[in-house]
Amino acid sequence: MPSITLLALDTSTEFCSVALYRDDPAVPGAPRIVARHLDTGPVSSTRILPAAREVLESAGLRLADCDAIAFGAGPGSFTGLRTACGVAQGLAFGAGLPVVPVGTLMACAEAARDRDPSADRVLVALDARMDEAYWADFIWDASSGDWRTQQGPALDAAQRVPTPDTAFVLAGNAAAAFGDRLPAAAQARAVMPDAMPHAQSVAVLAARAFARGEAIPADQAMPFYVRNKVAQTTAERQATKEGR
């Protein structure tokens, strides 16, 4: 199996997250990952390129040594998704590399499984603001060594997020944000509010996707928003609160 080197970016939350992933079959052990995960708030765009340079320098590599650029495509902060996608495209164009978009909710599932290898059913729910949650349901497929999507990314009021019919782990910050209004929080066998989007998980998922031949040209990269608009009318906000 050939070696894979990826630079991964994620700014879908208040964190600026960058990771350099390298898996060389000639070197025993797990893939090497160098990461920077910084709580930058709304100024991720000012830190993402310096952080990328830092992880490359720490790994002793240049951008040209990478096989692809991965980024957290969404859902998440609209501005953050545009930042990660735009930077990934710019770096990829400059270095003549393809890109690998990665779903941020699957990255949360990957982070949950990294914490608990027995987590083979993961419901992810993230606070989407406006009294709603981004959510998705994933099943670990041991035969393929990757995730199978039971229910793809969706957006609903917290009380409408469905609970899986088998034992599951709840990943993401929605439990902390919504409390009793998220029924899945009380029914999960474990709740992992810190299993959030992180460039390290994005990189691991991207490496699998790259190995399957799923990298795309930089000009085809785009964010995945789920929500089609940022603002709601007063009536829409009220309907969400009432669970209609």
# chains A, B, ... in the order shown; residues from 1 in each chain; ligands from 1
>>> residues_around(residues="Phe71 in chain A", least_positions_apart="2", cutoff="8 Å", atoms="only C-alpha atoms", output="list in words")
Ala8, Leu9, Asp10, Ile69, Ala73, Ala84, Cys85, Ala88, Val99, Val100, Pro101, Val102, Ala199 and Val202 of chain A
>>> select_by_dssp(residues="range 38-233 of chain A", states="alpha helix (DSSP H)", output="ChimeraX atom specification")
/A:44-59,78-95,104-115,174-178,183-187,199-211
>>> atom_distance(atom1="CA of Pro25 in chain A", atom2="CA of Arg62 in chain A")
19.9 Å
>>> select_by_dssp(residues="range 31-131 of chain A", states="strand (DSSP E or B)", output="list of chain:residue names")
A:Arg32, A:Ile33, A:Val34, A:Ala35, A:Arg36, A:His37, A:Leu38, A:Asp39, A:Ala68, A:Ile69, A:Ala70, A:Phe71, A:Gly72, A:Ala73, A:Gly74, A:Val99, A:Val100, A:Pro101, A:Val102, A:Gly103, A:Arg121, A:Val122, A:Leu123, A:Val124, A:Ala125, A:Leu126, A:Asp127
>>> closest_residue(among="A:Thr163, A:Gln200, A:Ser12, A:Asn173", to="Ser77 in chain A", atoms="only C-alpha atoms")
A:Ser12
>>> closest_residue(among="A:Leu123, A:Val43, A:Ala128, A:Ile48", to="Ala19 in chain A", atoms="only C-alpha atoms")
A:Ile48
>>> residues_around(residues="range 217-220 of chain A", least_positions_apart="4", cutoff="7 Å", atoms="only C-alpha atoms", output="PyMOL selection string")
chain A and resi 89+92-93+98-99
>>> write_last_selection(atoms="N, CA and C atoms", output="PDB file, in the first residue's frame")
ATOM      1  N   GLN A  89      -8.754  25.171  -1.170  1.00  0.00           N
ATOM      2  CA  GLN A  89      -8.684  25.368  -2.617  1.00  0.00           C
ATOM      3  C   GLN A  89      -7.433  26.152  -3.005  1.00  0.00           C
ATOM      4  N   ALA A  92      -4.368  24.014  -2.582  1.00  0.00           N
ATOM      5  CA  ALA A  92      -4.371  22.934  -3.570  1.00  0.00           C
ATOM      6  C   ALA A  92      -4.042  23.451  -4.964  1.00  0.00           C
ATOM      7  N   PHE A  93      -4.620  24.579  -5.333  1.00  0.00           N
ATOM      8  CA  PHE A  93      -4.312  25.171  -6.639  1.00  0.00           C
ATOM      9  C   PHE A  93      -2.823  25.499  -6.742  1.00  0.00           C
ATOM     10  N   PRO A  98      -5.072  17.652  -5.380  1.00  0.00           N
ATOM     11  CA  PRO A  98      -6.523  17.496  -5.264  1.00  0.00           C
ATOM     12  C   PRO A  98      -6.961  17.791  -3.838  1.00  0.00           C
ATOM     13  N   VAL A  99      -8.273  17.855  -3.624  1.00  0.00           N
ATOM     14  CA  VAL A  99      -8.813  18.071  -2.286  1.00  0.00           C
ATOM     15  C   VAL A  99      -9.732  16.916  -1.904  1.00  0.00           C
TER      16      VAL A  99
END
>>> residues_around(residues="Asp120 in chain A", least_positions_apart="6", cutoff="10 Å", atoms="only C-alpha atoms", output="list of chain:residue names")
A:Ala109, A:Ala112, A:Arg113, A:Phe138, A:Ile139, A:Trp140, A:Asp141, A:Ala142, A:Trp147, A:Ala167, A:Phe168, A:Val169
>>> residues_around(residues="Gln151 in chain A", least_positions_apart="3", cutoff="9 Å", atoms="only C-alpha atoms", output="PyMOL selection string")
chain A and resi 135-138+154
